[in-house]
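Colleague: This one is coords.cif, mmCIF, C-alpha atoms.
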data_target
#
loop_
_atom_site.label_atom_id
_atom_site.label_comp_id
_atom_site.auth_asym_id
_atom_site.auth_seq_id
_atom_site.Cartn_x
_atom_site.Cartn_y
_atom_site.Cartn_z
CA MET J 1 129.49 15.69 83.06
CA SER J 2 126.25 14.56 81.41
CA ALA J 3 122.97 16.41 82.11
CA VAL J 4 121.49 13.81 84.45
CA VAL J 5 118.69 15.06 86.71
CA HIS J 6 118.78 14.20 90.40
CA THR J 7 115.94 14.95 92.81
CA GLN J 8 116.58 16.93 95.97
CA HIS J 9 116.03 13.72 97.94
CA GLU J 10 118.81 12.03 95.98
CA VAL J 11 121.10 15.02 96.45
CA ARG J 12 120.48 15.13 100.21
CA ARG J 13 121.08 11.39 100.44
CA ALA J 14 124.29 11.84 98.46
CA ARG J 15 125.39 14.49 100.96
CA TYR J 16 125.20 12.01 103.83
CA ALA J 17 126.93 9.35 101.72
CA VAL J 18 129.81 11.69 100.88
CA ALA J 19 130.01 12.66 104.55
CA ALA J 20 130.41 8.97 105.43
CA VAL J 21 133.17 8.67 102.80
CA PHE J 22 134.98 11.65 104.35
CA ALA J 23 134.72 9.97 107.76
CA VAL J 24 136.19 6.72 106.41
CA HIS J 25 139.05 8.63 104.78
CA GLY J 26 139.79 10.41 108.05
CA ALA J 27 139.63 7.19 110.06
CA VAL J 28 142.49 5.75 107.99
CA THR J 29 144.65 8.78 108.73
CA GLY J 30 143.80 8.70 112.44
CA SER J 31 144.55 4.99 112.62
CA PHE J 32 147.97 5.54 111.07
CA ALA J 33 148.97 8.68 113.01
CA THR J 34 148.60 7.17 116.48
CA ARG J 35 150.88 4.25 115.62
CA VAL J 36 153.73 6.29 114.11
CA PRO J 37 155.95 5.70 117.19
CA TRP J 38 155.37 1.92 116.88
CA ILE J 39 156.13 2.04 113.15
CA GLN J 40 159.30 4.06 113.83
CA ASP J 41 160.53 1.51 116.36
CA HIS J 42 159.60 -1.46 114.15
CA ALA J 43 161.46 -0.02 111.14
CA GLY J 44 164.40 1.02 113.33
CA VAL J 45 164.65 4.58 111.99
CA SER J 46 165.82 7.79 113.67
CA ALA J 47 163.79 11.00 113.96
CA GLY J 48 165.46 12.41 110.85
CA GLN J 49 164.87 9.21 108.87
CA LEU J 50 161.26 9.15 110.02
CA GLY J 51 160.88 12.73 108.82
CA LEU J 52 162.24 11.68 105.42
CA ALA J 53 159.85 8.73 105.24
CA LEU J 54 156.88 10.92 106.23
CA ALA J 55 157.52 13.09 103.17
CA PHE J 56 156.63 10.18 100.90
CA PRO J 57 152.84 10.16 101.50
CA ALA J 58 152.56 13.77 100.29
CA LEU J 59 154.97 13.02 97.43
CA GLY J 60 152.85 10.06 96.34
CA ALA J 61 149.67 12.13 96.66
CA SER J 62 151.06 15.03 94.64
CA LEU J 63 152.15 12.75 91.79
CA ALA J 64 148.96 10.65 91.75
CA MET J 65 146.30 13.34 92.20
CA PRO J 66 146.25 14.34 88.51
CA LEU J 67 145.24 10.75 87.68
CA ALA J 68 141.99 10.97 89.67
CA GLY J 69 140.19 13.13 87.12
CA GLY J 70 140.96 10.74 84.29
CA ILE J 71 139.86 7.73 86.37
CA SER J 72 136.56 9.43 87.20
CA HIS J 73 136.09 10.36 83.54
CA ARG J 74 136.66 6.77 82.43
CA PHE J 75 134.72 4.85 85.07
CA GLY J 76 132.23 7.43 86.35
CA ALA J 77 132.42 9.30 89.63
CA ARG J 78 130.77 6.63 91.79
CA ASN J 79 132.82 3.66 90.56
CA ALA J 80 136.02 5.70 90.64
CA LEU J 81 135.43 6.75 94.24
CA ARG J 82 134.50 3.22 95.27
CA GLY J 83 137.72 1.78 93.82
CA LEU J 84 140.06 4.56 94.94
CA LEU J 85 138.67 4.61 98.48
CA ALA J 86 139.12 0.83 98.76
CA LEU J 87 142.74 1.14 97.63
CA TRP J 88 143.30 3.80 100.29
CA THR J 89 141.76 1.85 103.16
CA LEU J 90 143.70 -1.29 102.22
CA ALA J 91 146.95 0.68 101.92
CA LEU J 92 146.75 1.29 105.68
CA VAL J 93 148.32 -2.13 106.29
CA LEU J 94 151.53 -1.34 104.39
CA PRO J 95 153.56 1.01 106.67
CA ALA J 96 153.39 -1.28 109.71
CA LEU J 97 154.81 -4.13 107.62
CA ALA J 98 157.95 -2.18 106.66
CA PRO J 99 161.11 -3.55 108.35
CA ASN J 100 163.50 -0.74 107.30
CA LEU J 101 163.72 2.80 105.92
CA LEU J 102 163.55 1.85 102.23
CA THR J 103 160.46 -0.31 102.51
CA LEU J 104 158.85 2.27 104.81
CA CYS J 105 159.37 4.97 102.19
CA LEU J 106 157.89 2.75 99.46
CA ALA J 107 154.92 1.80 101.65
CA LEU J 108 154.23 5.43 102.52
CA PHE J 109 154.48 6.45 98.86
CA VAL J 110 151.71 3.99 97.95
CA TYR J 111 149.77 5.02 101.05
CA GLY J 112 149.97 8.68 99.97
CA ALA J 113 149.18 8.03 96.31
CA THR J 114 145.94 6.23 97.12
CA ALA J 115 145.12 8.90 99.74
CA GLY J 116 145.53 11.71 97.21
CA MET J 117 143.46 10.14 94.44
CA SER J 118 140.58 9.23 96.76
CA ASP J 119 140.79 12.70 98.33
CA VAL J 120 140.34 14.38 94.93
CA ALA J 121 137.43 12.11 94.01
CA MET J 122 135.51 12.64 97.25
CA ASN J 123 136.09 16.42 97.30
CA ALA J 124 134.89 16.72 93.70
CA LEU J 125 131.66 14.94 94.62
CA GLY J 126 131.35 17.08 97.74
CA VAL J 127 131.64 20.28 95.69
CA GLU J 128 129.03 18.95 93.26
CA VAL J 129 126.59 18.27 96.09
CA GLU J 130 127.29 21.72 97.58
CA ASN J 131 126.54 23.35 94.21
CA ARG J 132 123.24 21.50 93.92
CA LEU J 133 122.16 22.31 97.47
CA ASP J 134 123.34 25.91 96.97
CA ARG J 135 124.64 26.26 100.52
CA SER J 136 127.94 25.71 102.26
CA ILE J 137 128.64 22.13 103.34
CA MET J 138 132.37 21.71 102.70
CA SER J 139 133.46 22.69 106.22
CA GLY J 140 130.98 20.15 107.59
CA LEU J 141 132.29 17.48 105.24
CA HIS J 142 135.84 18.18 106.38
CA GLY J 143 134.43 18.03 109.90
CA MET J 144 133.24 14.50 109.18
CA TRP J 145 136.77 13.71 108.00
CA SER J 146 137.99 14.88 111.40
CA VAL J 147 135.29 12.83 113.16
CA GLY J 148 136.61 9.80 111.33
CA ALA J 149 140.15 10.75 112.32
CA VAL J 150 139.02 10.99 115.95
CA VAL J 151 137.46 7.52 115.80
CA GLY J 152 140.52 6.08 114.10
CA SER J 153 142.94 7.74 116.50
CA ALA J 154 140.84 6.74 119.52
CA ALA J 155 141.03 3.12 118.41
CA GLY J 156 144.75 3.60 117.85
CA THR J 157 145.14 5.10 121.32
CA LEU J 158 143.46 2.05 122.84
CA ALA J 159 145.62 -0.28 120.76
CA ALA J 160 148.79 1.58 121.79
CA HIS J 161 147.73 1.55 125.45
CA LEU J 162 147.22 -2.22 125.27
CA GLY J 163 150.61 -2.62 123.57
CA SER J 164 149.09 -4.37 120.56
CA ASP J 165 150.99 -5.06 117.36
CA ALA J 166 150.22 -2.32 114.81
CA ARG J 167 150.24 -4.91 112.01
CA LEU J 168 147.23 -6.67 113.50
CA HIS J 169 145.55 -3.38 114.48
CA HIS J 170 145.86 -1.93 110.99
CA ALA J 171 144.77 -5.14 109.27
CA LEU J 172 141.55 -5.17 111.30
CA ALA J 173 140.97 -1.45 110.77
CA ALA J 174 141.55 -1.73 107.02
CA GLY J 175 139.03 -4.56 106.71
CA VAL J 176 136.30 -2.70 108.59
CA LEU J 177 136.86 0.62 106.83
CA THR J 178 136.91 -1.00 103.39
CA VAL J 179 133.47 -2.52 103.99
CA VAL J 180 132.02 0.73 105.37
CA GLY J 181 133.47 2.79 102.54
CA PHE J 182 132.20 0.40 99.88
CA ALA J 183 128.69 0.62 101.35
CA ALA J 184 128.73 4.43 101.56
CA CYS J 185 129.80 4.80 97.93
CA ALA J 186 126.58 3.11 96.79
CA TRP J 187 124.64 6.34 97.55
CA VAL J 188 126.91 9.05 96.14
CA LEU J 189 125.92 10.83 92.91
CA ASP J 190 126.69 8.65 89.90
CA LEU J 191 128.10 11.31 87.59
CA GLN J 192 129.01 10.23 84.08
CA PRO J 193 130.95 12.20 81.45
CA ALA J 194 129.11 13.54 78.42
CA GLU J 195 129.82 11.73 75.17
CA ASP J 196 131.72 14.70 73.71
CA GLU J 197 133.54 15.59 76.95
CA GLU J 198 137.31 15.28 76.83
CA PRO J 199 139.31 13.97 79.80
CA PRO J 200 140.68 16.68 82.12
CA ARG J 201 144.12 18.01 81.27
CA PHE J 202 146.88 19.50 83.37
CA ALA J 203 147.12 23.33 83.56
CA LEU J 204 149.36 25.69 85.52
CA PRO J 205 147.66 27.48 88.45
CA PRO J 206 146.93 31.23 88.07
CA ARG J 207 148.60 33.95 90.14
CA SER J 208 145.37 34.55 92.05
CA ALA J 209 145.93 31.24 93.84
CA LEU J 210 149.31 32.17 95.33
CA LEU J 211 148.31 34.35 98.29
CA ILE J 212 145.29 32.20 99.09
CA GLY J 213 147.52 29.15 98.83
CA ALA J 214 150.05 30.75 101.18
CA ILE J 215 147.48 30.73 103.99
CA GLY J 216 146.63 27.12 103.19
CA PHE J 217 150.34 26.32 103.20
CA CYS J 218 150.71 27.63 106.78
CA ALA J 219 147.62 25.73 107.98
CA VAL J 220 148.54 22.44 106.34
CA PHE J 221 152.12 22.69 107.60
CA ALA J 222 150.82 23.06 111.16
CA GLU J 223 148.29 20.27 110.64
CA GLY J 224 150.80 17.83 109.18
CA ALA J 225 153.39 18.61 111.85
CA SER J 226 150.86 18.16 114.67
CA LEU J 227 149.21 15.06 113.25
CA ASP J 228 152.43 13.18 112.52
CA TRP J 229 154.61 14.46 115.37
CA SER J 230 152.34 15.19 118.35
CA ALA J 231 152.61 11.65 119.73
CA VAL J 232 156.37 11.60 119.17
CA TYR J 233 156.68 15.05 120.78
CA LEU J 234 155.01 13.94 124.01
CA ARG J 235 156.91 10.67 124.11
CA ASP J 236 160.38 12.11 123.41
CA GLN J 237 160.18 15.70 124.64
CA LEU J 238 158.05 15.16 127.76
CA GLU J 239 158.74 11.43 128.33
CA THR J 240 155.11 10.32 128.49
CA SER J 241 153.72 6.82 128.00
CA ALA J 242 152.76 5.54 124.54
CA GLY J 243 149.07 5.64 125.47
CA LEU J 244 149.15 9.27 126.65
CA ALA J 245 151.20 10.29 123.62
CA ALA J 246 148.62 8.73 121.29
CA ALA J 247 145.83 10.46 123.26
CA CYS J 248 147.40 13.80 122.35
CA THR J 249 146.84 13.04 118.66
CA THR J 250 143.24 12.12 119.47
CA GLY J 251 142.72 15.46 121.24
CA PHE J 252 144.17 17.32 118.28
CA THR J 253 141.86 15.61 115.80
CA LEU J 254 138.87 16.03 118.15
CA THR J 255 139.18 19.81 118.30
CA MET J 256 139.57 19.94 114.52
CA ALA J 257 136.40 17.89 114.14
CA VAL J 258 134.36 20.15 116.45
CA ALA J 259 135.60 23.33 114.76
CA ARG J 260 134.91 22.05 111.25
CA ILE J 261 131.42 20.83 112.06
CA ALA J 262 130.58 24.25 113.53
CA GLY J 263 132.55 26.06 110.84
CA ASP J 264 129.78 26.69 108.29
CA ARG J 265 127.61 28.54 110.84
CA VAL J 266 130.53 30.56 112.19
CA VAL J 267 131.58 31.67 108.71
CA ASP J 268 128.00 32.59 107.79
CA ARG J 269 127.84 34.82 110.86
CA TYR J 270 131.27 36.43 110.96
CA GLY J 271 132.64 36.00 107.44
CA ALA J 272 135.72 34.20 106.19
CA VAL J 273 138.24 36.93 106.98
CA ARG J 274 137.32 37.47 110.63
CA THR J 275 136.98 33.72 111.19
CA VAL J 276 140.46 33.03 109.81
CA ARG J 277 142.04 35.92 111.71
CA ALA J 278 140.63 34.62 114.98
CA SER J 279 141.67 31.09 114.02
CA GLY J 280 145.24 32.21 113.42
CA VAL J 281 145.42 33.80 116.89
CA VAL J 282 144.11 30.59 118.51
CA ALA J 283 146.66 28.50 116.59
CA LEU J 284 149.44 30.87 117.66
CA LEU J 285 148.45 30.51 121.31
CA GLY J 286 148.44 26.73 120.88
CA GLY J 287 151.90 26.78 119.37
CA LEU J 288 153.28 28.87 122.23
CA LEU J 289 151.82 26.42 124.74
CA ILE J 290 153.44 23.49 122.95
CA VAL J 291 156.86 25.14 122.79
CA PHE J 292 156.93 26.27 126.43
CA ALA J 293 155.14 23.24 127.93
CA ARG J 294 156.88 21.53 130.80
CA HIS J 295 153.97 19.21 131.60
CA PRO J 296 152.07 16.84 129.25
CA ALA J 297 148.73 18.51 130.05
CA ALA J 298 150.01 21.87 128.82
CA ALA J 299 151.35 20.39 125.58
CA MET J 300 148.12 18.47 124.97
CA THR J 301 146.14 21.69 125.48
CA GLY J 302 148.47 23.41 123.02
CA PHE J 303 147.90 20.76 120.36
CA ALA J 304 144.14 20.98 120.96
CA LEU J 305 144.22 24.75 120.43
CA MET J 306 146.35 24.24 117.33
CA GLY J 307 143.69 21.92 115.91
CA LEU J 308 140.94 24.39 116.78
CA GLY J 309 142.83 27.24 115.13
CA ILE J 310 143.66 25.61 111.79
CA ALA J 311 140.50 23.52 111.33
CA VAL J 312 138.47 25.71 108.96
CA VAL J 313 141.34 27.47 107.19
CA VAL J 314 141.82 25.07 104.29
CA PRO J 315 138.08 24.71 103.44
CA LEU J 316 137.85 28.53 103.40
CA CYS J 317 140.92 28.73 101.16
CA PHE J 318 139.20 26.50 98.62
CA ALA J 319 136.01 28.55 98.91
CA ALA J 320 137.94 31.78 98.28
CA ALA J 321 139.79 30.25 95.34
CA GLY J 322 136.50 29.14 93.79
CA ARG J 323 135.21 32.71 93.91
CA SER J 324 138.35 34.49 92.68
CA GLY J 325 139.66 35.25 89.23
CA SER J 326 138.22 34.40 85.85
CA ASN J 327 138.93 30.67 86.10
CA PRO J 328 137.91 29.33 89.54
CA SER J 329 138.78 25.72 88.75
CA LEU J 330 142.40 26.59 88.01
CA ALA J 331 142.60 28.67 91.19
CA ILE J 332 141.31 25.73 93.23
CA ALA J 333 143.85 23.44 91.56
CA GLY J 334 146.59 25.94 92.38
CA VAL J 335 145.62 26.10 96.05
CA ALA J 336 145.51 22.29 96.17
CA THR J 337 149.01 22.11 94.70
CA ILE J 338 150.39 24.56 97.27
CA THR J 339 148.72 22.85 100.23
CA TYR J 340 149.93 19.42 99.18
CA THR J 341 153.41 20.86 98.77
CA SER J 342 153.13 21.98 102.38
CA GLY J 343 152.09 18.47 103.34
CA LEU J 344 155.15 17.20 101.49
CA ILE J 345 157.52 19.57 103.26
CA ALA J 346 156.14 19.61 106.81
CA PRO J 347 156.87 16.10 108.16
CA SER J 348 160.40 15.94 106.78
CA ALA J 349 161.19 19.53 107.78
CA ILE J 350 160.07 18.85 111.35
CA GLY J 351 162.10 15.63 111.50
CA MET J 352 165.26 17.07 109.99
CA LEU J 353 165.14 20.16 112.17
CA ALA J 354 164.52 17.95 115.20
CA GLN J 355 167.53 15.82 114.25
CA ALA J 356 169.72 18.92 114.06
CA THR J 357 168.28 20.66 117.14
CA SER J 358 165.18 19.41 118.97
CA LEU J 359 161.46 18.89 118.48
CA MET J 360 160.83 22.01 120.54
CA VAL J 361 162.74 24.10 117.99
CA SER J 362 160.77 22.40 115.20
CA PHE J 363 157.51 23.52 116.74
CA MET J 364 158.87 27.05 117.09
CA LEU J 365 158.85 27.04 113.28
CA VAL J 366 155.25 25.78 113.27
CA THR J 367 154.25 28.52 115.71
CA LEU J 368 155.90 31.16 113.53
CA LEU J 369 153.99 29.97 110.46
CA THR J 370 150.64 30.29 112.26
CA CYS J 371 151.24 34.06 112.27
CA GLY J 372 150.77 33.96 108.50
CA ILE J 373 147.23 32.62 108.90
CA ALA J 374 146.05 35.75 110.73
CA GLY J 375 148.34 38.09 108.82
CA PHE J 376 147.12 37.18 105.33
CA ALA J 377 143.47 36.53 106.19
CA GLY J 378 142.34 39.56 104.17
CA VAL J 379 142.92 37.75 100.87
CA LEU J 380 140.03 35.40 101.71
CA ARG J 381 137.35 38.07 101.20
CA ALA J 382 136.28 36.19 98.07
CA GLY J 383 135.35 33.26 100.30
CA ASP J 384 132.50 35.14 102.00
CA ARG J 385 129.59 33.26 100.58
CA VAL J 386 126.66 35.06 98.96
CA LYS J 387 123.49 33.07 99.45
CA VAL J 388 121.30 32.39 96.45
CA THR J 389 117.78 31.09 96.89
CA ARG J 390 116.88 28.16 94.71
CA PRO J 391 113.58 26.28 94.63
CA ASP J 392 113.56 22.86 96.24
CA ALA J 393 113.25 20.91 93.02
CA ALA J 394 115.20 18.58 90.79
CA VAL J 395 118.44 20.16 89.66
CA PRO J 396 120.14 19.23 86.35
CA GLU J 397 123.81 18.40 86.41
CA ARG J 398 126.03 21.30 85.40
CA ARG J 399 128.46 21.22 82.53
CA PRO J 400 131.96 22.39 83.37
#
Rewrite the coordinates I just gave you, this time as structure tokens.

Modeller:
Amino acid sequence: MSAVVHTQHEVRRARYAVAAVFAVHGAVTGSFATRVPWIQDHAGVSAGQLGLALAFPALGASLAMPLAGGISHRFGARNALRGLLALWTLALVLPALAPNLLTLCLALFVYGATAGMSDVAMNALGVEVENRLDRSIMSGLHGMWSVGAVVGSAAGTLAAHLGSDARLHHALAAGVLTVVGFAACAWVLDLQPAEDEEPPRFALPPRSALLIGAIGFCAVFAEGASLDWSAVYLRDQLETSAGLAAACTTGFTLTMAVARIAGDRVVDRYGAVRTVRASGVVALLGGLLIVFARHPAAAMTGFALMGLGIAVVVPLCFAAAGRSGSNPSLAIAGVATITYTSGLIAPSAIGMLAQATSLMVSFMLVTLLTCGIAGFAGVLRAGDRVKVTRPDAAVPERRP
């Protein structure tokens, strides 16, 4: 990127703008997740077919993410984020319109592709702001994503409780979120490529990313399973109402939001390794509660503990990757590839296993994977941040 100078005031303002973008992105996900049972019924698909369809968002994201760097290079970071975020918010309307399995898969592919590209763009700007402030903010930004998911899922819970049509609900949500996102993008850093800078190219991830990515894989698998299947679990396994089932998803996203917002301070005090080990134990306890629950309150508590346990794991995986090996950017890309692969596998694996056995057995698998979070936490030692004091002055943009 070109050597543009931004004042500390501009950088701090950009931090809040990026935080708002994260919240908008999360609100789309929360809005969708709470209406999955309605979408399943409208499309007339079984649990196994729904699991297949829910693999398509991660598939679309994985295929489209490499395009985000080239789009940002061509149009500049601000314009790229503005356009990609608008495509993502508007894509929210597509799944509820699908009348069958094929159209649902196509809708979710587009939904995932726009999600992945906007996710890459906003995280890149978040990392740039973090570098310029020289202190950890990524957990807080992901916390704002969870805050947005809570708001979106709360609205979805209310809509489900009222028995509203998800097509109308998502059309209204998409309109509001598009306007908010467009406004927030006006204040992010406007990074432009240098004249002699070539567009980013694809590269294979290094070996250093594999173990770090394995922890992220476990966390994202548990997150995807809980986000997409918690409402269905309560409705089908414990025979709750649609409103209470949707409220479970809201509780899950709420605990993730609280943990991520507090995450930067916790990591600064206890370090990445101890934080992730404790997080893995909490997630394991949540999984056991879910599996053995015989009452909705117990299952909802289990999903809340699951959200609390996995909340900071992925941000710390990216932090560790960025401080490991001789090429941090490739390590980060490798971790991203592994975590998105987990997002691709999780929903369909849960659905297919549920079709063959039951949702309870599916969440036994999720519970087993949370053991890997605590067990492999030691590889995140590179994520323990070393503070560097920098004067509060204008900071020139860094060249990659």

Colleague: Compare J:Gly69, J:Gly243, J:Gly216, J:Gly271 by their minimum atom-to-atom distance to Pro193 of chain J, counting all atoms listed in the file, and give me the closest one.

Modeller: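 Looking at the shortest contact to Pro193 of chain J, the residue is J:Gly69.
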
Colleague: Can you turn the PyMOL selection byres ((chain J and resi 166) around 10) into a concrete residue list for this file, as a ChimeraX atom specification?

Modeller: /J:31-32,34-36,38-39,42,93,95-97,156,159-160,163-165,167-172

Colleague: Would you translate the PyMOL selection byres ((chain J and resi 22) around 8) into the concrete set of residues it matches in this file, as a PyMOL selection string?

Modeller: chain J and resi 18-21+23-26+122+141-142+144-145+148

Colleague: Show me, as AutoDock Vina command-line options, the centre and edge lengths in Å to one decimal of the axis-aligned box that covers every listed atom of segment 134-143 of chain J with 3 Å on each side.

Modeller:
--center_x 129.6 --center_y 21.9 --center_z 103.4 --size_x 18.5 --size_y 14.8 --size_z 18.9

Colleague: Could you check which of J:Thr7, J:Val129, J:Leu284, J:Ala336 is closest to Pro66 of chain J, using all atoms listed in the file?

Modeller: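 Of J:Thr7, J:Val129, J:Leu284, J:Ala336, the one nearest Pro66 of chain J is J:Ala336, counting all atoms listed in the file.
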
Colleague: Near Arg12 of chain J, counting all atoms listed in the file, which residues have an atom at most 12 Å away, once you skip same-chain residues fewer than 3 positions from it, shown as a list in words?

Modeller: His6, Thr7, Gln8, His9, Arg15, Tyr16, Ala17, Val18, Ala19, Gly126, Glu128, Val129, Glu130, Asn131, Arg132, Leu133, Asp134, Arg135, Ile137, Trp187, Val188, Leu189, Asp392, Ala393, Ala394 and Val395 of chain J

Colleague: Just give me the gap between atom CA of Met352 of chain J and atom CA of Phe252 of chain J in Å, one decimal is fine.

Modeller: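 The value is 22.7 Å.
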
Colleague: To one decimal in Å, tell me the separation between atom CA of Ala283 of chain J and atom CA of Val127 of chain J.

Modeller: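 According to the coordinates, atom CA of Ala283 of chain J and atom CA of Val127 of chain J are separated by 27.0 Å.
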
Colleague: Report the residues retrieved by the PyMOL selection byres ((chain J and resi 61) around 8) from the displayed file, expressed as a PyMOL selection string.

Modeller: chain J and resi 57-60+62-65+109+112-117+340

Colleague: Between atom CA of Gly263 of chain J and atom CA of Val179 of chain J, what distance in Å does the model show, to one decimal?

Modeller: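 Answer for the atom CA of Gly263 of chain J to atom CA of Val179 of chain J separation: 29.4 Å.
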
Colleague: Using all atoms listed in the file, find the one residue out of J:Gln355, J:Ser146, J:Thr250, J:Thr157 that sits nearest to Val45 of chain J.

Modeller: J:Gln355

Colleague: Looking at only C-alpha atoms, which of J:Thr370, J:Ser139, J:Ser342, J:Ser241 is the one that sits closest to Arg277 of chain J?

Modeller: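 Result for the nearest residue to Arg277 of chain J: J:Thr370.
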
Colleague: Can you write out as a Markdown table which residues of segment 37-88 of chain J fall within 12 Å of segment 356-367 of chain J, alongside each residue's closest atom pair and its distance in Å to one decimal, counting all atoms listed in the file and ordering rows by chain and ascending residue number?

Modeller:
| residue | atom | partner | partner_atom | distance |
| --- | --- | --- | --- | --- |
| J:Ser46 | CA | J:Ala356 | CA | 11.8 |
| J:Ala47 | CA | J:Leu359 | CA | 9.4 |
| J:Gly48 | CA | J:Ala356 | CA | 8.4 |
| J:Gly51 | CA | J:Leu359 | CA | 11.5 |

Colleague: Contacts of Val313 of chain J at 10 Å or less, counting all atoms listed in the file, minus same-chain residues fewer than 6 places along, as a ChimeraX atom specification?

Modeller: /J:139,215-220,260,263,272-273,275-277,279-280,319,373,377,380

Colleague: So that I can see what lies close to segment 77-82 of chain J, please list as a PDB file with C-alpha atoms, keeping the file's coordinate frame the residues with an atom at most 6 Å from it, counting all atoms listed in the file and leaving out residues fewer than 6 positions away in the same chain.

Modeller:
ATOM      1  CA  ALA J 121     137.430  12.110  94.010  1.00  0.00           C
ATOM      2  CA  PHE J 182     132.200   0.400  99.880  1.00  0.00           C
ATOM      3  CA  CYS J 185     129.800   4.800  97.930  1.00  0.00           C
ATOM      4  CA  ASP J 190     126.690   8.650  89.900  1.00  0.00           C
ATOM      5  CA  LEU J 191     128.100  11.310  87.590  1.00  0.00           C
TER       6      LEU J 191
END

Colleague: Which one is closest to Leu234 of chain J: J:Arg13, J:His73, J:His161, J:His295? Count all atoms listed in the file.

Modeller: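 Among the listed residues, J:His295 lies closest to Leu234 of chain J.
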